[in-house]
Each structure stands twice: as C-alpha cells, then as structure tokens.
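Colleague: See structure.tsv below, with TSV, C-alpha atoms.
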```
chain	number	residue	atom	x	y	z
A	1	MET	CA	0.00	0.00	0.00
A	2	LYS	CA	2.79	2.41	0.89
A	3	LEU	CA	4.64	1.46	-2.29
A	4	ASN	CA	1.67	2.28	-4.42
A	5	MET	CA	1.24	5.66	-2.79
A	6	ALA	CA	4.92	6.46	-3.32
A	7	GLU	CA	4.63	5.63	-6.99
A	8	GLU	CA	1.52	7.79	-7.41
A	9	GLU	CA	2.81	11.15	-6.13
A	10	ASP	CA	0.52	14.13	-5.80
A	11	TYR	CA	0.87	16.67	-8.72
A	12	MET	CA	0.70	19.47	-6.10
A	13	SER	CA	3.75	18.20	-4.27
A	14	ASP	CA	7.16	19.95	-4.21
A	15	SER	CA	8.56	17.52	-6.74
A	16	PHE	CA	6.23	19.01	-9.35
A	17	ILE	CA	6.25	22.69	-8.29
A	18	ASN	CA	9.93	23.35	-7.53
A	19	VAL	CA	11.48	22.03	-10.74
A	20	GLN	CA	15.14	22.98	-10.76
A	21	GLU	CA	16.73	24.37	-13.98
A	22	ASP	CA	19.70	22.83	-15.66
A	23	ILE	CA	22.69	24.61	-14.09
A	24	ARG	CA	25.47	22.60	-15.55
A	25	PRO	CA	28.63	24.72	-15.30
A	26	GLY	CA	29.82	26.49	-18.45
A	27	LEU	CA	26.74	26.30	-20.72
A	28	PRO	CA	24.99	29.63	-19.85
A	29	MET	CA	28.29	31.55	-19.93
A	30	LEU	CA	29.22	30.20	-23.36
A	31	ARG	CA	25.87	31.27	-24.77
A	32	GLN	CA	26.25	34.81	-23.39
A	33	ILE	CA	29.79	35.20	-24.74
A	34	ARG	CA	28.80	33.91	-28.17
A	35	GLU	CA	25.82	36.29	-28.32
A	36	ALA	CA	27.94	39.27	-27.22
A	37	ARG	CA	30.58	38.56	-29.88
A	38	ARG	CA	27.93	38.26	-32.56
A	39	LYS	CA	26.45	41.64	-31.61
A	40	GLU	CA	29.90	43.24	-31.57
A	41	GLU	CA	30.74	41.91	-35.04
A	42	LYS	CA	27.45	43.25	-36.42
A	43	GLN	CA	28.12	46.65	-34.87
A	44	GLN	CA	31.62	46.77	-36.35
A	45	GLU	CA	30.28	45.89	-39.80
A	46	ALA	CA	27.68	48.64	-39.54
A	47	ASN	CA	30.32	51.17	-38.50
A	48	LEU	CA	32.54	50.20	-41.43
A	49	LYS	CA	29.66	50.63	-43.86
A	50	THR	CA	28.84	54.09	-42.57
A	51	LYS	CA	32.47	55.25	-42.53
A	52	ARG	CA	33.50	53.69	-45.81
A	53	LYS	CA	33.38	56.08	-48.78
A	54	SER	CA	33.68	55.31	-52.41
A	55	LEU	CA	36.75	56.21	-54.41
A	56	LYS	CA	34.76	58.75	-56.40
A	57	GLU	CA	33.57	60.49	-53.25
A	58	GLU	CA	37.11	60.72	-51.91
A	59	GLU	CA	38.38	62.11	-55.22
A	60	GLN	CA	35.56	64.66	-55.27
A	61	GLU	CA	36.35	65.78	-51.74
A	62	ARG	CA	40.06	66.19	-52.51
A	63	ARG	CA	39.25	68.04	-55.72
A	64	ASP	CA	36.85	70.43	-53.94
A	65	ILE	CA	39.46	71.16	-51.27
A	66	GLY	CA	42.10	71.84	-53.91
A	67	LEU	CA	39.84	74.15	-55.92
A	68	LYS	CA	38.88	76.14	-52.84
A	69	ASN	CA	42.50	77.00	-52.08
A	70	ALA	CA	43.99	79.88	-54.08
A	71	LEU	CA	47.25	79.41	-55.94
A	72	GLY	CA	50.36	80.47	-54.07
A	73	CYS	CA	53.83	81.61	-55.09
A	74	GLU	CA	54.96	78.01	-55.26
A	75	ASN	CA	52.87	77.59	-58.39
A	76	LYS	CA	55.06	78.31	-61.43
A	77	GLY	CA	52.23	79.74	-63.52
A	78	PHE	CA	51.17	82.11	-60.76
A	79	ALA	CA	54.78	83.15	-60.16
A	80	LEU	CA	55.16	84.09	-63.85
A	81	LEU	CA	51.99	86.17	-63.69
A	82	GLN	CA	53.32	88.03	-60.66
A	83	LYS	CA	56.55	88.83	-62.49
A	84	MET	CA	54.44	90.38	-65.27
A	85	GLY	CA	52.70	92.62	-62.73
A	86	TYR	CA	49.67	90.55	-61.90
A	87	LYS	CA	48.20	90.84	-58.41
A	88	SER	CA	45.87	88.44	-56.67
A	89	GLY	CA	42.19	89.30	-57.34
A	90	GLN	CA	43.03	91.41	-60.41
A	91	ALA	CA	41.37	90.78	-63.79
A	92	LEU	CA	43.50	89.39	-66.59
A	93	GLY	CA	44.50	91.40	-69.64
A	94	LYS	CA	46.53	94.52	-70.29
A	95	SER	CA	43.49	96.75	-69.79
A	96	GLY	CA	42.12	94.67	-66.91
A	97	ASP	CA	38.93	93.59	-68.74
A	98	GLY	CA	39.56	89.82	-68.62
A	99	ILE	CA	38.26	87.19	-66.27
A	100	VAL	CA	38.90	87.35	-62.54
A	101	GLU	CA	37.97	83.82	-61.48
A	102	PRO	CA	39.66	80.78	-63.09
A	103	ILE	CA	37.83	78.81	-65.75
A	104	PRO	CA	35.64	76.26	-63.92
A	105	LEU	CA	36.79	72.67	-63.99
A	106	ASN	CA	34.22	70.23	-65.34
A	107	ILE	CA	35.20	66.66	-64.59
A	108	LYS	CA	33.64	63.99	-66.75
A	109	THR	CA	32.96	61.01	-64.49
A	110	GLY	CA	30.63	58.96	-66.67
A	111	LYS	CA	31.54	56.36	-69.27
A	112	SER	CA	29.68	58.00	-72.15
A	113	GLY	CA	31.56	59.43	-75.12
A	114	ILE	CA	32.33	63.04	-75.89
A	115	GLY	CA	29.22	64.94	-76.98
A	116	HIS	CA	26.80	62.52	-75.32
A	117	GLU	CA	25.57	65.12	-72.82
A	118	ALA	CA	25.03	67.65	-75.62
A	119	LEU	CA	23.06	65.01	-77.52
A	120	LEU	CA	20.87	64.31	-74.50
A	121	LYS	CA	20.30	68.03	-74.02
A	122	ARG	CA	19.34	68.47	-77.68
A	123	LYS	CA	16.94	65.53	-77.52
A	124	ALA	CA	15.35	66.94	-74.38
A	125	GLU	CA	14.91	70.32	-76.09
A	126	GLU	CA	13.40	68.65	-79.17
A	127	LYS	CA	11.03	66.67	-76.98
A	128	LEU	CA	9.99	69.84	-75.15
A	129	GLU	CA	9.47	71.66	-78.45
A	130	SER	CA	7.39	68.77	-79.79
A	131	TYR	CA	5.25	68.85	-76.64
A	132	ARG	CA	4.75	72.59	-77.04
A	133	ARG	CA	3.71	72.15	-80.67
A	134	LYS	CA	1.18	69.48	-79.68
A	135	ILE	CA	-0.27	71.74	-76.99
A	136	HIS	CA	-0.45	74.62	-79.48
A	137	MET	CA	-2.16	72.44	-82.12
A	138	LYS	CA	-4.61	71.11	-79.54
A	139	LYS	CA	-5.45	74.64	-78.48
A	140	GLU	CA	-5.99	75.68	-82.11
A	141	VAL	CA	-8.29	72.69	-82.71
A	142	GLU	CA	-10.31	73.52	-79.59
A	143	GLU	CA	-10.59	77.18	-80.59
A	144	ARG	CA	-11.64	76.21	-84.13
A	145	ALA	CA	-14.27	73.81	-82.77
A	146	ALA	CA	-15.59	76.50	-80.42
A	147	GLU	CA	-15.76	79.01	-83.28
A	148	GLN	CA	-17.62	76.52	-85.48
A	149	PHE	CA	-20.07	75.86	-82.65
A	150	ARG	CA	-20.66	79.59	-82.22
A	151	MET	CA	-21.22	79.96	-85.97
A	152	ARG	CA	-23.70	77.06	-86.03
A	153	LEU	CA	-25.51	78.53	-83.04
A	154	LYS	CA	-25.60	81.97	-84.66
A	155	ASN	CA	-26.86	80.50	-87.93
A	156	LYS	CA	-29.55	78.62	-86.03
A	157	GLN	CA	-30.60	81.77	-84.21
A	158	ASP	CA	-30.62	83.75	-87.46
A	159	GLU	CA	-32.70	81.06	-89.11
A	160	MET	CA	-35.20	81.07	-86.25
A	161	LYS	CA	-35.40	84.89	-86.44
A	162	LEU	CA	-36.07	84.75	-90.20
A	163	GLU	CA	-38.81	82.17	-89.68
A	164	GLY	CA	-40.39	84.36	-87.00
A	165	ASP	CA	-40.28	87.42	-89.29
A	166	LEU	CA	-41.83	85.39	-92.11
A	167	ARG	CA	-44.72	84.24	-89.89
A	168	ARG	CA	-45.33	87.81	-88.78
A	169	SER	CA	-45.33	88.94	-92.39
A	170	GLN	CA	-47.77	86.18	-93.37
A	171	ARG	CA	-50.09	87.08	-90.49
A	172	ALA	CA	-49.95	90.80	-91.35
A	173	CYS	CA	-50.51	90.04	-95.06
A	174	GLN	CA	-53.57	87.94	-94.29
A	175	GLN	CA	-55.08	90.64	-92.07
A	176	LEU	CA	-54.39	93.49	-94.52
A	177	ASP	CA	-55.61	91.48	-97.53
A	178	THR	CA	-58.80	90.62	-95.64
A	179	GLN	CA	-59.37	94.29	-94.83
A	180	LYS	CA	-59.24	95.01	-98.59
A	181	ASN	CA	-61.70	92.15	-99.25
A	182	ILE	CA	-59.02	90.02	-100.90
A	183	GLN	CA	-60.31	86.49	-100.43
A	184	VAL	CA	-57.44	84.59	-102.03
A	185	PRO	CA	-53.74	85.39	-101.43
A	186	ARG	CA	-51.58	86.25	-104.40
A	187	GLU	CA	-49.44	83.20	-103.52
A	188	ALA	CA	-50.60	80.41	-101.28
A	189	TRP	CA	-47.70	80.86	-98.86
A	190	TYR	CA	-48.46	84.62	-98.44
A	191	TRP	CA	-50.93	83.64	-95.71
A	192	LEU	CA	-50.49	81.32	-92.75
A	193	ARG	CA	-51.91	77.88	-93.41
A	194	LEU	CA	-54.63	76.72	-91.01
A	195	GLU	CA	-53.33	74.37	-88.37
A	196	GLU	CA	-56.64	72.48	-88.12
A	197	GLU	CA	-57.95	71.23	-91.45
A	198	THR	CA	-60.58	68.71	-92.37
A	199	GLU	CA	-59.67	65.49	-94.13
A	200	GLU	CA	-61.28	66.72	-97.35
A	201	GLU	CA	-59.23	69.92	-97.30
A	202	GLU	CA	-56.10	67.89	-96.69
A	203	GLU	CA	-56.85	65.70	-99.71
A	204	GLU	CA	-57.55	68.72	-101.92
A	205	GLU	CA	-54.35	70.34	-100.74
A	206	LYS	CA	-52.36	67.22	-101.64
A	207	GLU	CA	-53.79	67.31	-105.14
A	208	GLN	CA	-52.91	70.99	-105.56
A	209	ASP	CA	-49.39	70.78	-104.07
A	210	GLU	CA	-47.63	70.74	-107.42
A	211	ASP	CA	-49.48	73.83	-108.67
A	212	GLU	CA	-49.90	75.96	-105.57
A	213	TYR	CA	-46.90	75.14	-103.43
A	214	LYS	CA	-43.95	75.28	-105.72
A	215	SER	CA	-42.66	77.85	-103.27
A	216	GLU	CA	-40.81	75.06	-101.45
A	217	ASP	CA	-37.93	75.82	-103.78
A	218	LEU	CA	-37.64	79.25	-102.18
A	219	SER	CA	-35.64	79.72	-99.01
A	220	VAL	CA	-37.04	81.41	-95.91
A	221	LEU	CA	-35.01	84.54	-96.66
A	222	GLU	CA	-36.30	84.72	-100.25
A	223	LYS	CA	-39.89	84.31	-99.10
A	224	LEU	CA	-39.42	87.04	-96.49
A	225	GLN	CA	-37.94	89.45	-99.04
A	226	ILE	CA	-40.78	88.81	-101.52
A	227	LEU	CA	-43.51	89.12	-98.89
A	228	THR	CA	-42.15	92.30	-97.25
A	229	SER	CA	-41.84	93.91	-100.68
A	230	TYR	CA	-45.50	93.01	-101.34
A	231	LEU	CA	-46.57	94.49	-98.00
A	232	ARG	CA	-44.68	97.72	-98.67
A	233	GLU	CA	-45.99	98.14	-102.23
A	234	GLU	CA	-49.55	96.92	-101.74
A	235	HIS	CA	-50.32	98.00	-98.17
A	236	LEU	CA	-47.53	100.53	-97.37
A	237	TYR	CA	-46.78	98.37	-94.30
A	238	CYS	CA	-43.45	97.56	-92.62
A	239	ILE	CA	-43.42	94.60	-90.26
A	240	TRP	CA	-40.39	95.89	-88.32
A	241	CYS	CA	-41.92	99.33	-87.81
A	242	GLY	CA	-45.32	97.73	-87.19
A	243	THR	CA	-46.92	100.67	-89.01
A	244	ALA	CA	-49.06	101.17	-92.11
A	245	TYR	CA	-47.95	104.44	-93.66
A	246	GLU	CA	-50.23	106.94	-95.46
A	247	ASP	CA	-48.42	106.98	-98.78
A	248	LYS	CA	-45.16	105.99	-100.44
A	249	GLU	CA	-43.52	109.30	-99.55
A	250	ASP	CA	-44.39	108.79	-95.89
A	251	LEU	CA	-43.02	105.23	-96.08
A	252	SER	CA	-39.71	106.22	-97.68
A	253	SER	CA	-39.29	109.20	-95.32
A	254	ASN	CA	-40.06	107.54	-91.98
A	255	CYS	CA	-39.16	103.85	-92.50
A	256	PRO	CA	-35.42	103.12	-92.08
A	257	GLY	CA	-35.43	100.48	-94.81
A	258	PRO	CA	-36.86	97.23	-96.20
A	259	THR	CA	-34.72	94.85	-94.11
A	260	SER	CA	-34.35	93.89	-90.45
A	261	ALA	CA	-30.74	95.15	-90.42
A	262	ASP	CA	-31.99	98.65	-91.36
A	263	HIS	CA	-34.02	98.70	-88.15
A	264	ASP	CA	-31.22	97.67	-85.75
```
Please express the file's structure as structure tokens.
Modeller:
Amino acid sequence: MKLNMAEEEDYMSDSFINVQEDIRPGLPMLRQIREARRKEEKQQEANLKTKRKSLKEEEQERRDIGLKNALGCENKGFALLQKMGYKSGQALGKSGDGIVEPIPLNIKTGKSGIGHEALLKRKAEEKLESYRRKIHMKKEVEERAAEQFRMRLKNKQDEMKLEGDLRRSQRACQQLDTQKNIQVPREAWYWLRLEEETEEEEEEEKEQDEDEYKSEDLSVLEKLQILTSYLREEHLYCIWCGTAYEDKEDLSSNCPGPTSADHD
C-alpha cells in the first residue's frame, strides 16, 4: 500500500512545483559570450559601412578642397603672372577687362563618349518643343471647334429669327388682304396655313401641291424678301416698324429700310 502511494505522487507536491533548472557549469556563460561577440561583429560591420566612402567620393572631396584654395607663389604659372605685374584678385589682360575667377573645372565622371551630354540636351529640347507644338495644335483645334459651334448657333438663331419674321409677315398680309376684301392670297404661302384642317381639305391640298406650293424651292429669306416687298408696295406696311404708312412718300421718309438690319 505504501509502495503504491509512493509511486503515485501528488501533482501538487514539491517535486512538481519546484522544478530545478539545468545549471550545468559552463553552458549559460558560453551562450552569453557567443551572443555578445555576434552583436559586436554586427556593430563593427555597420560602422565600417557608414564610414567607408567610395573612391569617387574621396576624389571629389580632394578636388573640392584643392579648388577652394587659391594658388600660391609656389605655383610656377602664378609666379610668372606676378613677375608680369599681376596681383591676386586682379582681372587678366593689359586693360584689366579679362576674367577674374579661373575657368571652372568640369570633370567627366561617366563612361559615355564626348558629346553625349550635348546630344541628351538636344533631344530633351526637341522633346519639349514637340510637346509645345502638340499643346499649341490642340489649343488651335479647340478654338476652331468652339468658333464653329458659335457659328452654327448663330446661324440657327438667325434662321429662327427669319422664320419668326416670315410668320409675322404672313399674319400681317392675311389681315391686310382681308381688310381690302381680298379672299385669295396672291401666292398660297403669303398667308399662314390653317393648323386644323378637315380630311377633305387635306386631300384637296395634296392634289394641288404641285401647282400651288412650288414655293418650297424658295428659301425662308427669299420668301421674307418677296412678302415684305409686297406688303410695302400693296399696303404701305413695314413689319419691323409695325406701321401702315399713309403713302409711299411717308413710307420712304419715316421707315429706315426694307430689311431687319436697317431697323437695328
């Protein structure tokens, strides 16, 4: 009985709770040293990368330092200039109208051939000029389209105005002819056609189309000119003045003219 109890230990006993870690000598210390060395090597590599400069950068720095320093007497060329009377900061030339600063030094660092940069510059300028031409052509096309739209709109408005003047002339002609007991217009289109017609009248009209309505060959402007001339000669009436004058002398004296433009 005691043996069985010893074999089946309680999971809440100290043997389960206080589990001791592996503290074999040397293992934890080796891990710490290895990790520290690894971090140190990484840090050194990072420092070398940040401090390391390319050969081109070093050459550029040395060149900039050399160009910033003015030439001294130890320079043979400068010494010869001094013997000829030149002083530091003085312009070159006998009359002193030459350059003061040395000609700038342009170092070619790329691998492209001579003239390659000029070629790239020329191509860039040509590309820019081509872009400008395209923008200019696009603008011209848009302006032309806008002008054509304005012209179409103006023509439409003019056409609608002519049609309105023609209807007014037809209405005035019908009223004035009726006042003079004229039962039939001189031309069928001199009067406004009735909007509501019987079927019989429509059939008769279809039969008489070829004889009575050959005026379809005339434009609205031609009809208006013919009808206004008739109104002026027969009735001494001007649709734009809206007045029936007493005689031809009164009409010619007080009416600005036979067209709409004369009354603007």
Colleague: Residues at most 9 Å from Arg167 of chain A, counting only C-alpha atoms, excluding those fewer than 5 positions away in the same chain, as a PyMOL selection string?
Modeller: chain A and resi 162+172+191-192+224
Colleague: Nearest residue to Asp165 of chain A out of A:Ala145, A:Ile239, A:Leu105, A:Leu92, using all atoms listed in the file?
Modeller: A:Ile239
Colleague: For Gly164 of chain A, which residue among A:Leu176, A:Ala188, A:Leu119, A:Leu221 is the nearest when counting all atoms listed in the file?
Modeller: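 Smallest separation from Gly164 of chain A among the options: A:Leu221.
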Colleague: Between A:Ser169, A:Ser219, A:Gln179, A:Asn155, single out the one closest to Tyr237 of chain A, counting only C-alpha atoms.
Modeller: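 Residue with the minimum atom-to-atom distance to Tyr237 of chain A: A:Ser169.
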Colleague: Atom CA of His235 of chain A to atom CA of Pro185 of chain A: how many Å, to one decimal?
Modeller: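 One can read the atom CA of His235 of chain A to atom CA of Pro185 of chain A distance as 13.5 Å.
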Colleague: I need the residue nearest Lys68 of chain A from this list: A:Gly96, A:Pro102, A:Gly89, A:Pro258. Use all atoms listed in the file for the distance.
Modeller: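 Nearest to Lys68 of chain A: A:Pro102.
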Colleague: Please, what distance in Å, to one decimal, runs between atom CA of Leu81 of chain A and atom CA of Gly93 of chain A?
Modeller: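 A separation of 10.9 Å between them.
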Colleague: So what do you get for atom CA of Gly72 of chain A versus atom CA of Tyr86 of chain A, distance-wise?
Modeller: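 Computing the Euclidean distance for atom CA of Gly72 of chain A and atom CA of Tyr86 of chain A yields 12.8 Å.
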